[in-house]
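Everything below belongs to work-v3.txt, which stores compact mmCIF, C-alpha atoms.
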# COMPACT_ATOMS: atom_id res chain seq x y z
CA GLN A 256 -150.51 51.03 -65.72
CA LYS A 257 -153.36 53.54 -65.77
CA PHE A 258 -154.14 52.88 -62.10
CA HIS A 259 -150.48 53.39 -61.25
CA GLU A 260 -150.55 56.78 -62.99
CA TRP A 261 -153.67 57.78 -61.06
CA THR A 262 -151.99 56.73 -57.83
CA GLU A 263 -149.24 59.23 -58.61
CA ARG A 264 -151.82 61.98 -59.19
CA PHE A 265 -154.13 61.08 -56.29
CA PRO A 266 -151.97 59.83 -53.38
CA ILE A 267 -154.85 58.72 -51.11
CA MET A 268 -157.76 57.50 -53.23
CA PHE A 269 -159.68 58.08 -56.44
CA LYS A 270 -163.08 57.16 -57.85
CA TYR A 271 -163.33 54.91 -60.87
CA MET A 272 -166.45 53.85 -62.75
CA VAL A 273 -166.21 50.11 -63.42
CA SER A 274 -168.10 49.19 -66.60
CA SER A 275 -169.16 52.86 -66.79
CA PHE A 276 -171.82 52.64 -64.08
CA ILE A 277 -170.35 51.13 -60.87
CA PRO A 278 -168.63 53.84 -58.76
CA ILE A 279 -165.77 52.37 -56.72
CA ILE A 280 -163.36 54.26 -54.47
CA TYR A 281 -159.86 52.87 -55.04
CA VAL A 282 -157.79 53.27 -51.88
CA HIS A 283 -153.98 53.10 -51.63
CA HIS A 284 -153.19 54.97 -48.40
CA PRO A 285 -152.54 53.30 -45.01
CA VAL A 286 -155.04 55.38 -43.02
CA PRO A 287 -158.24 54.42 -44.90
CA ILE A 288 -156.88 50.92 -45.54
CA LYS A 289 -156.43 50.38 -41.80
CA GLU A 290 -159.99 51.58 -41.17
CA LEU A 291 -161.43 49.30 -43.84
CA LEU A 292 -159.47 46.19 -42.82
CA SER A 293 -159.80 46.55 -39.06
CA VAL A 294 -163.53 45.87 -39.09
CA ASN A 295 -165.29 42.86 -40.56
CA ILE A 296 -166.82 44.57 -43.56
CA PRO A 297 -168.28 42.03 -45.99
CA LYS A 298 -166.98 41.85 -49.53
CA GLU A 299 -169.33 43.21 -52.15
CA ARG A 300 -171.46 40.44 -53.63
CA LYS A 301 -173.55 42.27 -56.16
CA TYR A 302 -171.11 41.98 -59.03
CA VAL A 303 -167.48 40.79 -58.81
CA TYR A 304 -167.81 38.30 -55.95
CA ARG A 305 -171.22 37.15 -57.14
CA PHE A 306 -169.57 36.13 -60.40
CA LEU A 307 -166.87 34.27 -58.46
CA GLU A 308 -169.54 32.60 -56.33
CA ALA A 309 -170.80 30.88 -59.49
CA TYR A 310 -167.50 28.95 -59.37
CA THR A 311 -166.63 28.53 -55.69
CA GLY A 312 -170.09 28.57 -54.16
CA GLU A 313 -170.45 30.41 -50.87
CA GLY A 314 -166.97 29.52 -49.61
CA LEU A 315 -164.74 31.68 -47.42
CA ILE A 316 -163.84 34.11 -50.19
CA VAL A 317 -167.41 35.31 -50.68
CA ALA A 318 -169.32 34.14 -47.58
CA SER A 319 -171.06 36.60 -45.28
CA GLN A 320 -171.64 36.44 -41.55
CA PRO A 321 -172.58 34.34 -39.68
CA LYS A 322 -171.57 31.55 -42.09
CA TRP A 323 -168.15 33.08 -42.72
CA GLY A 324 -167.32 33.14 -38.99
CA ARG A 325 -168.40 29.51 -38.39
CA HIS A 326 -166.50 28.17 -41.38
CA ARG A 327 -163.40 30.25 -40.70
CA ARG A 328 -163.13 28.84 -37.19
CA LEU A 329 -163.50 25.28 -38.44
CA ILE A 330 -161.02 25.56 -41.29
CA ASN A 331 -158.49 27.61 -39.33
CA SER A 332 -157.42 24.50 -37.41
CA ALA A 333 -155.75 23.18 -40.58
CA PHE A 334 -153.57 26.30 -40.83
CA HIS A 335 -152.41 27.12 -37.32
CA LYS A 336 -148.73 26.86 -36.36
CA ALA A 337 -148.85 23.31 -35.01
CA ALA A 338 -150.50 22.09 -38.21
CA ILE A 339 -147.88 23.83 -40.36
CA ASN A 340 -145.10 22.15 -38.36
CA SER A 341 -146.69 18.75 -39.00
CA TYR A 342 -146.76 19.49 -42.75
CA LYS A 343 -143.04 20.27 -43.11
CA SER A 344 -141.92 16.84 -44.31
CA LYS A 345 -144.78 16.73 -46.82
CA ILE A 346 -143.86 20.17 -48.14
CA GLU A 347 -140.24 19.06 -48.49
CA ASP A 348 -141.31 15.93 -50.39
CA SER A 349 -143.43 18.03 -52.76
CA CYS A 350 -140.60 20.50 -53.36
CA SER A 351 -138.16 17.64 -53.94
CA SER A 352 -140.50 16.24 -56.60
CA PHE A 353 -140.71 19.75 -58.06
CA THR A 354 -136.95 20.17 -58.49
CA ASP A 355 -136.60 16.60 -59.80
CA LYS A 356 -139.21 17.40 -62.45
CA LEU A 357 -137.52 20.69 -63.36
CA ALA A 358 -134.18 18.87 -63.68
CA SER A 359 -135.78 16.38 -66.07
CA PHE A 360 -136.28 19.20 -68.61
CA GLU A 361 -132.46 19.33 -68.91
CA GLY A 362 -132.22 23.05 -69.58
CA ALA A 363 -135.22 23.28 -71.93
CA GLU A 364 -137.76 26.10 -71.56
CA VAL A 365 -140.22 25.50 -68.74
CA ASP A 366 -143.70 26.98 -68.34
CA ALA A 367 -143.03 28.20 -64.80
CA VAL A 368 -146.63 29.13 -64.00
CA GLN A 369 -147.94 25.69 -64.96
CA GLU A 370 -145.21 23.77 -63.13
CA CYS A 371 -145.45 25.96 -60.03
CA GLY A 372 -149.22 25.45 -60.12
CA MET A 373 -148.86 21.67 -60.13
CA MET A 374 -146.36 21.84 -57.26
CA ALA A 375 -148.66 24.11 -55.23
CA LEU A 376 -151.65 21.84 -55.78
CA ASP A 377 -149.54 18.79 -54.91
CA THR A 378 -148.53 20.42 -51.61
CA LEU A 379 -152.11 21.35 -50.81
CA LEU A 380 -153.37 17.82 -51.42
CA ARG A 381 -150.57 16.28 -49.35
CA CYS A 382 -150.90 18.66 -46.42
CA THR A 383 -154.54 19.54 -45.96
CA PHE A 384 -156.07 16.35 -47.39
CA ALA A 385 -153.29 13.85 -46.52
CA LEU A 386 -153.34 12.46 -50.05
CA GLU A 387 -149.98 11.02 -51.06
CA SER A 388 -149.52 10.49 -54.78
CA ASP A 389 -147.38 11.54 -57.74
CA TRP A 390 -149.61 14.56 -58.26
CA GLN A 391 -147.05 16.59 -60.21
CA HIS A 392 -147.22 14.06 -63.04
CA ASP A 393 -150.99 13.60 -62.82
CA LYS A 394 -152.84 14.65 -65.99
CA GLN A 395 -155.98 15.56 -64.05
CA VAL A 396 -154.00 17.90 -61.79
CA ALA A 397 -152.39 19.51 -64.86
CA ARG A 398 -155.85 19.97 -66.34
CA PHE A 399 -157.20 21.52 -63.11
CA VAL A 400 -154.38 24.09 -63.03
CA ARG A 401 -155.20 25.14 -66.59
CA LEU A 402 -158.97 25.27 -66.13
CA VAL A 403 -158.64 27.58 -63.11
CA SER A 404 -156.80 30.06 -65.33
CA GLU A 405 -159.47 29.71 -68.04
CA CYS A 406 -162.28 30.21 -65.52
CA VAL A 407 -160.77 33.35 -64.05
CA SER A 408 -160.09 34.77 -67.52
CA ILE A 409 -163.77 34.50 -68.41
CA LEU A 410 -164.75 36.01 -65.04
CA THR A 411 -162.49 39.00 -65.70
CA HIS A 412 -164.04 39.65 -69.09
CA ARG A 413 -167.46 39.46 -67.45
CA ILE A 414 -166.56 42.13 -64.88
CA TYR A 415 -165.75 44.64 -67.63
CA ASN A 416 -168.68 43.79 -69.91
CA PRO A 417 -171.99 45.10 -68.50
CA LEU A 418 -174.05 43.04 -70.92
CA TRP A 419 -172.64 39.91 -69.30
CA TYR A 420 -173.81 40.94 -65.81
CA LEU A 421 -177.23 39.39 -66.33
CA ASP A 422 -177.14 35.63 -65.82
CA CYS A 423 -179.95 35.17 -68.32
CA ILE A 424 -177.67 36.62 -71.02
CA PHE A 425 -174.25 35.44 -69.89
CA PHE A 426 -175.05 31.74 -69.57
CA ARG A 427 -176.57 31.69 -73.06
CA LEU A 428 -173.39 33.05 -74.63
CA PRO A 429 -170.51 30.79 -75.75
CA ALA A 430 -168.32 32.26 -72.97
CA GLY A 431 -170.99 31.56 -70.36
CA LYS A 432 -171.48 28.00 -71.55
CA LYS A 433 -167.72 27.47 -71.54
CA PHE A 434 -167.52 28.90 -68.02
CA GLN A 435 -170.26 26.58 -66.75
CA SER A 436 -168.52 23.60 -68.31
CA LEU A 437 -165.26 24.53 -66.59
CA VAL A 438 -167.04 25.03 -63.26
CA ASN A 439 -168.65 21.60 -63.53
CA GLU A 440 -165.24 20.07 -64.25
CA ALA A 441 -163.64 21.87 -61.28
CA ARG A 442 -166.38 20.83 -58.88
CA ASP A 443 -166.16 17.23 -60.10
CA PHE A 444 -162.47 17.33 -59.20
CA SER A 445 -163.35 18.72 -55.75
CA ARG A 446 -165.83 15.89 -55.16
CA GLN A 447 -163.18 13.32 -56.12
CA ILE A 448 -160.75 14.87 -53.62
CA ILE A 449 -163.39 14.77 -50.87
CA GLU A 450 -164.12 11.10 -51.59
CA LYS A 451 -160.42 10.13 -51.72
CA SER A 452 -159.57 12.03 -48.56
CA ALA A 453 -162.51 10.53 -46.67
CA ALA A 454 -161.57 7.00 -47.80
CA GLU A 455 -157.79 7.10 -47.45
CA SER A 456 -156.75 9.61 -44.83
CA ARG A 457 -156.59 9.71 -41.05
CA ASN A 458 -158.27 12.11 -38.64
CA ASP A 459 -155.74 14.89 -39.16
CA THR A 460 -157.00 16.58 -42.33
CA ILE A 461 -159.07 19.64 -43.08
CA LEU A 462 -161.86 17.28 -44.11
CA SER A 463 -161.86 15.48 -40.76
CA HIS A 464 -161.88 18.76 -38.84
CA VAL A 465 -164.94 19.89 -40.76
CA MET A 466 -166.74 16.54 -40.71
CA ASN A 467 -166.34 16.32 -36.93
CA ASN A 468 -168.48 19.44 -36.80
CA HIS A 469 -171.11 18.29 -39.27
CA ASP A 470 -173.85 19.83 -37.14
CA THR A 471 -172.67 23.30 -38.20
CA ILE A 472 -171.78 22.63 -41.84
CA THR A 473 -173.64 20.88 -44.64
CA MET A 474 -172.22 18.69 -47.41
CA ASP A 475 -172.88 21.50 -49.89
CA ASP A 476 -170.92 23.85 -47.64
CA LEU A 477 -168.08 21.33 -47.51
CA ALA A 478 -167.99 21.07 -51.30
CA ASN A 479 -167.90 24.88 -51.57
CA GLU A 480 -165.02 25.19 -49.10
CA VAL A 481 -162.98 22.46 -50.79
CA THR A 482 -163.54 24.10 -54.20
CA THR A 483 -162.51 27.46 -52.73
CA LEU A 484 -159.41 25.98 -51.07
CA LEU A 485 -158.27 24.14 -54.20
CA PHE A 486 -158.71 27.31 -56.26
CA ALA A 487 -157.32 30.01 -53.96
CA GLY A 488 -154.86 27.81 -52.09
CA HIS A 489 -152.90 26.78 -55.16
CA ASP A 490 -153.38 29.64 -57.64
CA THR A 491 -152.04 32.43 -55.43
CA THR A 492 -149.05 30.39 -54.25
CA ALA A 493 -148.23 29.23 -57.78
CA HIS A 494 -147.98 32.75 -59.15
CA ALA A 495 -146.01 34.02 -56.15
CA LEU A 496 -143.46 31.24 -56.71
CA ALA A 497 -143.28 31.85 -60.48
CA PHE A 498 -142.68 35.57 -59.88
CA SER A 499 -140.06 34.78 -57.21
CA LEU A 500 -138.07 32.46 -59.46
CA ALA A 501 -138.28 34.85 -62.43
CA LEU A 502 -136.94 37.73 -60.34
CA LEU A 503 -134.09 35.59 -59.00
CA ALA A 504 -133.27 34.61 -62.58
CA GLN A 505 -133.20 38.26 -63.67
CA HIS A 506 -130.95 39.38 -60.81
CA LYS A 507 -127.81 37.26 -60.75
CA ASP A 508 -126.31 39.12 -57.79
CA VAL A 509 -129.37 38.26 -55.70
CA TRP A 510 -129.28 34.64 -56.91
CA ASN A 511 -125.62 34.36 -55.87
CA LYS A 512 -126.37 35.72 -52.38
CA CYS A 513 -129.19 33.20 -51.99
CA LYS A 514 -126.91 30.42 -53.24
CA HIS A 515 -124.23 31.36 -50.72
CA GLU A 516 -126.76 31.43 -47.85
CA VAL A 517 -128.27 28.06 -48.78
CA VAL A 518 -124.87 26.37 -49.16
CA GLU A 519 -123.58 27.85 -45.90
CA ASN A 520 -126.70 26.82 -44.03
CA SER A 521 -126.53 23.23 -45.25
CA THR A 522 -123.34 22.65 -43.25
CA ALA A 523 -123.74 25.19 -40.45
CA ALA A 524 -126.04 23.31 -38.07
CA ASP A 525 -127.08 19.79 -37.20
CA GLU A 526 -130.43 18.38 -38.25
CA GLU A 527 -131.95 18.65 -34.78
CA GLU A 528 -131.11 22.34 -34.57
CA LYS A 529 -132.52 22.97 -38.05
CA SER A 530 -135.80 21.26 -37.18
CA ARG A 531 -136.32 23.68 -34.28
CA THR A 532 -135.66 26.83 -36.30
CA GLU A 533 -138.08 28.47 -38.72
CA LEU A 534 -137.00 28.72 -42.34
CA LYS A 535 -137.26 32.51 -42.40
CA THR A 536 -134.81 32.61 -39.47
CA ARG A 537 -132.38 30.13 -41.02
CA TYR A 538 -132.55 31.72 -44.47
CA PRO A 539 -133.13 35.43 -43.82
CA TYR A 540 -131.95 36.62 -47.25
CA VAL A 541 -134.12 34.14 -49.15
CA TYR A 542 -137.03 35.32 -47.00
CA GLN A 543 -136.20 38.95 -47.89
CA CYS A 544 -136.39 37.94 -51.58
CA LEU A 545 -139.82 36.43 -51.03
CA GLN A 546 -141.03 39.53 -49.18
CA GLU A 547 -139.80 41.79 -51.97
CA THR A 548 -141.50 39.63 -54.59
CA LEU A 549 -144.80 39.88 -52.70
CA ARG A 550 -144.35 43.64 -52.48
CA LEU A 551 -143.96 44.03 -56.22
CA TYR A 552 -146.43 41.29 -57.12
CA PRO A 553 -149.00 40.74 -54.34
CA SER A 554 -150.96 37.61 -55.22
CA VAL A 555 -154.31 39.33 -54.63
CA PRO A 556 -153.76 42.90 -55.87
CA ILE A 557 -157.20 44.31 -55.03
CA VAL A 558 -159.96 43.43 -52.57
CA ALA A 559 -163.42 44.96 -52.99
CA LYS A 560 -165.68 45.78 -50.06
CA ARG A 561 -169.10 47.39 -49.73
CA THR A 562 -169.57 49.11 -46.38
CA ASP A 563 -172.40 48.08 -44.08
CA ARG A 564 -172.07 51.23 -41.98
CA PRO A 565 -171.17 54.93 -42.42
CA MET A 566 -167.41 55.53 -42.31
CA SER A 567 -165.20 58.59 -42.05
CA PHE A 568 -161.50 59.01 -42.75
CA CYS A 569 -159.14 61.59 -44.25
CA GLY A 570 -161.78 64.24 -43.56
CA ILE A 571 -164.38 62.61 -45.81
CA ASP A 572 -167.68 61.02 -44.76
CA PHE A 573 -168.80 57.95 -46.67
CA PRO A 574 -172.37 56.64 -46.41
CA THR A 575 -173.42 53.03 -45.95
CA SER A 576 -173.11 50.90 -49.11
CA THR A 577 -170.08 52.78 -50.44
CA TRP A 578 -167.93 50.52 -52.59
CA PHE A 579 -164.19 50.46 -51.92
CA ALA A 580 -161.34 48.67 -53.66
CA ILE A 581 -158.28 48.26 -51.45
CA ASN A 582 -155.45 48.48 -53.95
CA PHE A 583 -152.49 46.56 -52.47
CA TYR A 584 -150.62 46.66 -55.77
CA SER A 585 -150.52 50.48 -55.84
CA LEU A 586 -149.92 50.69 -52.09
CA HIS A 587 -146.81 48.52 -52.44
CA ARG A 588 -145.50 50.77 -55.23
CA HIS A 589 -146.38 54.11 -53.62
CA ARG A 590 -143.46 56.56 -53.85
CA LYS A 591 -144.39 58.11 -50.52
CA TYR A 592 -143.69 54.85 -48.69
CA TRP A 593 -141.09 53.10 -50.84
CA GLU A 594 -137.84 54.51 -52.15
CA ASP A 595 -137.38 53.70 -55.85
CA PRO A 596 -140.55 51.54 -55.62
CA LEU A 597 -140.25 49.77 -58.98
CA LYS A 598 -136.79 48.45 -58.20
CA TYR A 599 -136.39 44.84 -57.00
CA ASP A 600 -134.41 45.25 -53.78
CA PRO A 601 -134.62 42.49 -51.15
CA ASP A 602 -132.55 44.59 -48.74
CA ARG A 603 -135.66 46.68 -48.04
CA PHE A 604 -136.61 43.87 -45.68
CA SER A 605 -133.27 43.46 -43.92
CA LYS A 606 -133.18 43.87 -40.13
CA ASP A 607 -131.64 47.31 -40.51
CA ASN A 608 -134.44 48.53 -42.79
CA MET A 609 -137.55 46.88 -41.36
CA ASP A 610 -138.21 49.84 -39.03
CA LYS A 611 -138.56 52.08 -42.09
CA ILE A 612 -141.64 50.19 -43.28
CA LYS A 613 -144.70 51.99 -41.94
CA PRO A 614 -147.73 50.06 -40.62
CA PHE A 615 -150.34 49.14 -43.23
CA THR A 616 -148.05 49.90 -46.18
CA TYR A 617 -147.02 46.26 -46.74
CA LEU A 618 -149.94 43.84 -46.78
CA PRO A 619 -149.20 40.82 -49.01
CA PHE A 620 -151.78 38.72 -47.16
CA SER A 621 -154.19 41.54 -46.30
CA ALA A 622 -154.88 42.19 -42.58
CA GLY A 623 -157.63 42.20 -40.01
CA PRO A 624 -160.32 39.55 -39.44
CA ARG A 625 -160.51 38.62 -43.14
CA ASN A 626 -156.79 38.21 -43.74
CA CYS A 627 -155.48 35.25 -45.74
CA ILE A 628 -156.19 32.08 -43.77
CA GLY A 629 -153.40 30.15 -45.50
CA SER A 630 -150.60 32.74 -45.24
CA LYS A 631 -148.39 30.66 -42.90
CA LEU A 632 -148.65 27.59 -45.12
CA ALA A 633 -147.96 29.71 -48.20
CA VAL A 634 -144.79 31.22 -46.71
CA GLU A 635 -143.51 27.81 -45.59
CA GLU A 636 -144.21 26.32 -49.00
CA LEU A 637 -142.73 29.23 -50.97
CA LEU A 638 -139.56 29.36 -48.91
CA THR A 639 -139.06 25.59 -49.09
CA ALA A 640 -139.52 25.66 -52.87
CA MET A 641 -137.16 28.62 -53.38
CA ILE A 642 -134.48 27.04 -51.19
CA SER A 643 -134.85 23.71 -52.99
CA VAL A 644 -134.45 25.36 -56.41
CA VAL A 645 -131.43 27.41 -55.31
CA ARG A 646 -129.81 24.33 -53.76
CA THR A 647 -130.45 22.11 -56.79
CA PHE A 648 -129.56 24.38 -59.71
CA ASP A 649 -126.48 26.42 -60.53
CA GLU A 650 -128.42 28.95 -62.56
CA VAL A 651 -131.92 29.89 -63.63
CA GLU A 652 -132.36 31.79 -66.87
CA CYS A 653 -135.42 33.94 -67.55
CA VAL A 654 -136.36 33.40 -71.20
CA ARG A 655 -139.63 35.35 -71.21
CA PHE A 656 -141.45 37.39 -68.58
CA GLY A 657 -144.80 38.34 -70.08
CA GLU A 658 -146.95 41.35 -69.33
CA VAL A 659 -148.50 41.26 -65.86
CA TYR A 660 -152.25 41.71 -65.53
CA SER A 661 -154.85 41.38 -62.82
CA ASP A 662 -158.00 39.34 -62.55
CA VAL A 663 -158.86 37.82 -59.19
CA VAL A 664 -155.13 37.04 -58.87
CA LEU A 665 -152.13 38.96 -60.20
CA ARG A 666 -150.65 36.87 -62.99
CA PRO A 667 -148.22 37.15 -65.91
CA ALA A 668 -149.16 36.39 -69.51
CA GLU A 669 -146.30 33.87 -69.31
CA ILE A 670 -143.07 33.11 -67.51
CA LYS A 671 -140.62 30.83 -69.30
CA LEU A 672 -137.50 29.76 -67.41
CA ARG A 673 -134.51 27.46 -67.94
CA PHE A 674 -133.15 25.57 -64.94
CA ILE A 675 -129.47 24.80 -65.43
CA ARG A 676 -127.43 22.33 -63.43
CA LYS A 677 -123.77 21.94 -64.25
CA LYS A 678 -122.47 18.42 -64.50
CA ALA A 679 -119.97 17.28 -61.91
CA GLU A 680 -116.53 16.27 -63.18
CA ASN A 681 -117.29 12.59 -62.75
CA GLU A 682 -120.43 13.07 -64.91
CA ALA A 683 -118.64 14.88 -67.72
structure tokens encoding of this file:
Amino acid sequence: QKFHEWTERFPIMFKYMVSSFIPIIYVHHPVPIKELLSVNIPKERKYVYRFLEAYTGEGLIVASQPKWGRHRRLINSAFHKAAINSYKSKIEDSCSSFTDKLASFEGAEVDAVQECGMMALDTLLRCTFALESDWQHDKQVARFVRLVSECVSILTHRIYNPLWYLDCIFFRLPAGKKFQSLVNEARDFSRQIIEKSAAESRNDTILSHVMNNHDTITMDDLANEVTTLLFAGHDTTAHALAFSLALLAQHKDVWNKCKHEVVENSTAADEEEKSRTELKTRYPYVYQCLQETLRLYPSVPIVAKRTDRPMSFCGIDFPTSTWFAINFYSLHRHRKYWEDPLKYDPDRFSKDNMDKIKPFTYLPFSAGPRNCIGSKLAVEELLTAMISVVRTFDEVECVRFGEVYSDVVLRPAEIKLRFIRKKAENEA
């Protein structure tokens, strides 16, 4: 809330002292954001990302060149368009299991973040590791979803507590010991996934793509990338879906429009025609709802970078090693670029209004060479899940929508929903 107020006062950027001694320039204007994202500036690794590295290792989120470039090229093969097309049936199976599980609650309150997390992890394991199982009822998967949240919570407290910056202090504290225990548990899960995927799957997984290039990547690197993928690949998608469903539940007019589009589409074209058309083309209004959700609640609200060269924009010269925080959350709510920015309005992204959106003012998956590698998979998964929920249920009720806060990922304190399906006459 404080950052949002400062964005109103300082429409381009402002300086903020993190933990009272780290000066960071927070940017929320398209001109400097374009400059910062268009070049491959490494993320800062002295504080925030160094803390994250204790969990993920030197995976794609924190890696520097040349390792980042080598690994990105290897892993990218699992996320290009052809790969996404091959995943569609697996995504549909995962979303079908998701709605079946939600229906089993029979109108009781559902922890949407937890259930969306299990669905997202299920999809990731099916698609990128070719592991078919009843993951959404797996206790170990449920535990992994929870421990990720616990890990990130401790990391966030560390960022804002200077005394915890020193490893020699932090890892002697109860919080540090708890964090290390959680990290060990998460990495054990990653190793199990690597072993299962290597033993059970064919040569069409992310693991096989990497292993076929073992001369450029070590087993430690592989473990780091799998840990990174399991963390970032499910956590961001889970919260985006939970936010999407909560907003649909709060706006009945929008829900009804989605319902009408989904019902109409189910009878409008044959299966062959549907298979050739992208979901966002077949369900344009549902896609607008997703876009608006990601505007209000971008999964990664802030990205920190430390420049490796002098830069100049907006009439200001910045020396090498200047720290910047690209604030997507404030950018997406900037009154200069969005009319009534706090309002949930999917029609912002209609065909008639798309031309009004200025370049580099809407960046839900970042941009440039370090954009989100899994954005296409995330969109396919989120749309499939939203469509499946709208098709299956007559109504979704938002019971509680907790305060939203930011750590590595934007997340709510809680989202509790009820999924209601009316009984047919022959069931009454």
With distances taken over all atoms listed in the file, which of A:Leu421, A:Tyr592, A:Asp600, A:Ser521 is nearest to A:Asp508?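 The shortest atom-to-atom distance to A:Asp508 comes from A:Asp600.
In terms of minimum interatomic distance to A:Asn582, A:Leu665 ranks closest within A:Cys627, A:Leu307, A:Leu637, A:Leu665, counting only C-alpha atoms.
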Return as AutoDock Vina command-line options the centre and edge lengths, in Å with one decimal, of the box along x, y and z that encloses every atom of stretch 563-576 of chain A in the file, padded by 5 Å per side.
--center_x -166.3 --center_y 56.2 --center_z -45.5 --size_x 24.3 --size_y 26.2 --size_z 17.1
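For the atom pair formed by atom CA of A:Asp610 and atom CA of A:Thr532, the distance is 23.3 Å, given to one decimal.
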Gap from atom CA of A:Val282 to atom CA of A:Ala580 - Å, one decimal: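 Interatomic distance, atom CA of A:Val282 to atom CA of A:Ala580: 6.1 Å.
Proximity to A:Asp422 was assessed for A:Thr311, A:Asn295, A:Thr577, A:Gln435 counting only C-alpha atoms; the smallest distance is recorded for A:Gln435.
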Within 10 Å of stretch 259-267 of chain A, counting only C-alpha atoms, which residues qualify if same-chain residues fewer than 4 places away don't, as a PyMOL selection string? chain A and resi 281-288+569+582+584-586+588-591
Restricting the output to C-alpha atoms, write the selected residues as a PDB file, in the frame of the given file.
ATOM      1  CA  TYR A 281    -159.860  52.870 -55.040  1.00  0.00           C
ATOM      2  CA  VAL A 282    -157.790  53.270 -51.880  1.00  0.00           C
ATOM      3  CA  HIS A 283    -153.980  53.100 -51.630  1.00  0.00           C
ATOM      4  CA  HIS A 284    -153.190  54.970 -48.400  1.00  0.00           C
ATOM      5  CA  PRO A 285    -152.540  53.300 -45.010  1.00  0.00           C
ATOM      6  CA  VAL A 286    -155.040  55.380 -43.020  1.00  0.00           C
ATOM      7  CA  PRO A 287    -158.240  54.420 -44.900  1.00  0.00           C
ATOM      8  CA  ILE A 288    -156.880  50.920 -45.540  1.00  0.00           C
ATOM      9  CA  CYS A 569    -159.140  61.590 -44.250  1.00  0.00           C
ATOM     10  CA  ASN A 582    -155.450  48.480 -53.950  1.00  0.00           C
ATOM     11  CA  TYR A 584    -150.620  46.660 -55.770  1.00  0.00           C
ATOM     12  CA  SER A 585    -150.520  50.480 -55.840  1.00  0.00           C
ATOM     13  CA  LEU A 586    -149.920  50.690 -52.090  1.00  0.00           C
ATOM     14  CA  ARG A 588    -145.500  50.770 -55.230  1.00  0.00           C
ATOM     15  CA  HIS A 589    -146.380  54.110 -53.620  1.00  0.00           C
ATOM     16  CA  ARG A 590    -143.460  56.560 -53.850  1.00  0.00           C
ATOM     17  CA  LYS A 591    -144.390  58.110 -50.520  1.00  0.00           C
TER      18      LYS A 591
END
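Here atom CA of A:Arg646 and atom CA of A:Val365 stand 18.3 Å from one another.
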In file coordinates, which residues lie within 6 Å of (-167.1, 26.5, -53.2) using all atoms listed in the file, given as a VMD selection string? chain A and resid 311 to 314 478 to 480 482 to 483
Pick from A:Phe426, A:Thr473, A:Tyr420, A:Thr383, whichever lies nearest to A:Ile448 using only C-alpha atoms: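 Closest to A:Ile448, using only C-alpha atoms: A:Thr383.
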N, CA and C atoms for stretch 488-499 of chain A, written as a short mmCIF file (atom, residue, chain, number, x, y, z; two decimals), in the coordinates of the input, could you do that?
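Below is the file out-v7.cif, written as the result:
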data_model
loop_
_atom_site.label_atom_id
_atom_site.label_comp_id
_atom_site.auth_asym_id
_atom_site.auth_seq_id
_atom_site.Cartn_x
_atom_site.Cartn_y
_atom_site.Cartn_z
N GLY A 488 -156.03 28.32 -52.78
CA GLY A 488 -154.86 27.81 -52.09
C GLY A 488 -153.71 27.46 -53.01
N HIS A 489 -154.01 27.11 -54.26
CA HIS A 489 -152.90 26.78 -55.16
C HIS A 489 -152.58 27.91 -56.13
N ASP A 490 -153.59 28.65 -56.58
CA ASP A 490 -153.38 29.64 -57.64
C ASP A 490 -152.53 30.81 -57.15
N THR A 491 -152.81 31.31 -55.96
CA THR A 491 -152.04 32.43 -55.43
C THR A 491 -150.59 32.03 -55.17
N THR A 492 -150.40 30.86 -54.57
CA THR A 492 -149.05 30.39 -54.25
C THR A 492 -148.25 30.12 -55.53
N ALA A 493 -148.91 29.55 -56.52
CA ALA A 493 -148.23 29.23 -57.78
C ALA A 493 -147.66 30.48 -58.44
N HIS A 494 -148.45 31.53 -58.49
CA HIS A 494 -147.98 32.75 -59.15
C HIS A 494 -146.92 33.45 -58.31
N ALA A 495 -147.05 33.43 -57.00
CA ALA A 495 -146.01 34.02 -56.15
C ALA A 495 -144.68 33.32 -56.37
N LEU A 496 -144.69 31.98 -56.49
CA LEU A 496 -143.46 31.24 -56.71
C LEU A 496 -142.90 31.52 -58.10
N ALA A 497 -143.75 31.57 -59.12
CA ALA A 497 -143.28 31.85 -60.48
C ALA A 497 -142.64 33.24 -60.55
N PHE A 498 -143.27 34.23 -59.92
CA PHE A 498 -142.68 35.57 -59.88
C PHE A 498 -141.34 35.55 -59.14
N SER A 499 -141.29 34.84 -58.01
CA SER A 499 -140.06 34.78 -57.21
C SER A 499 -138.90 34.22 -58.00
#
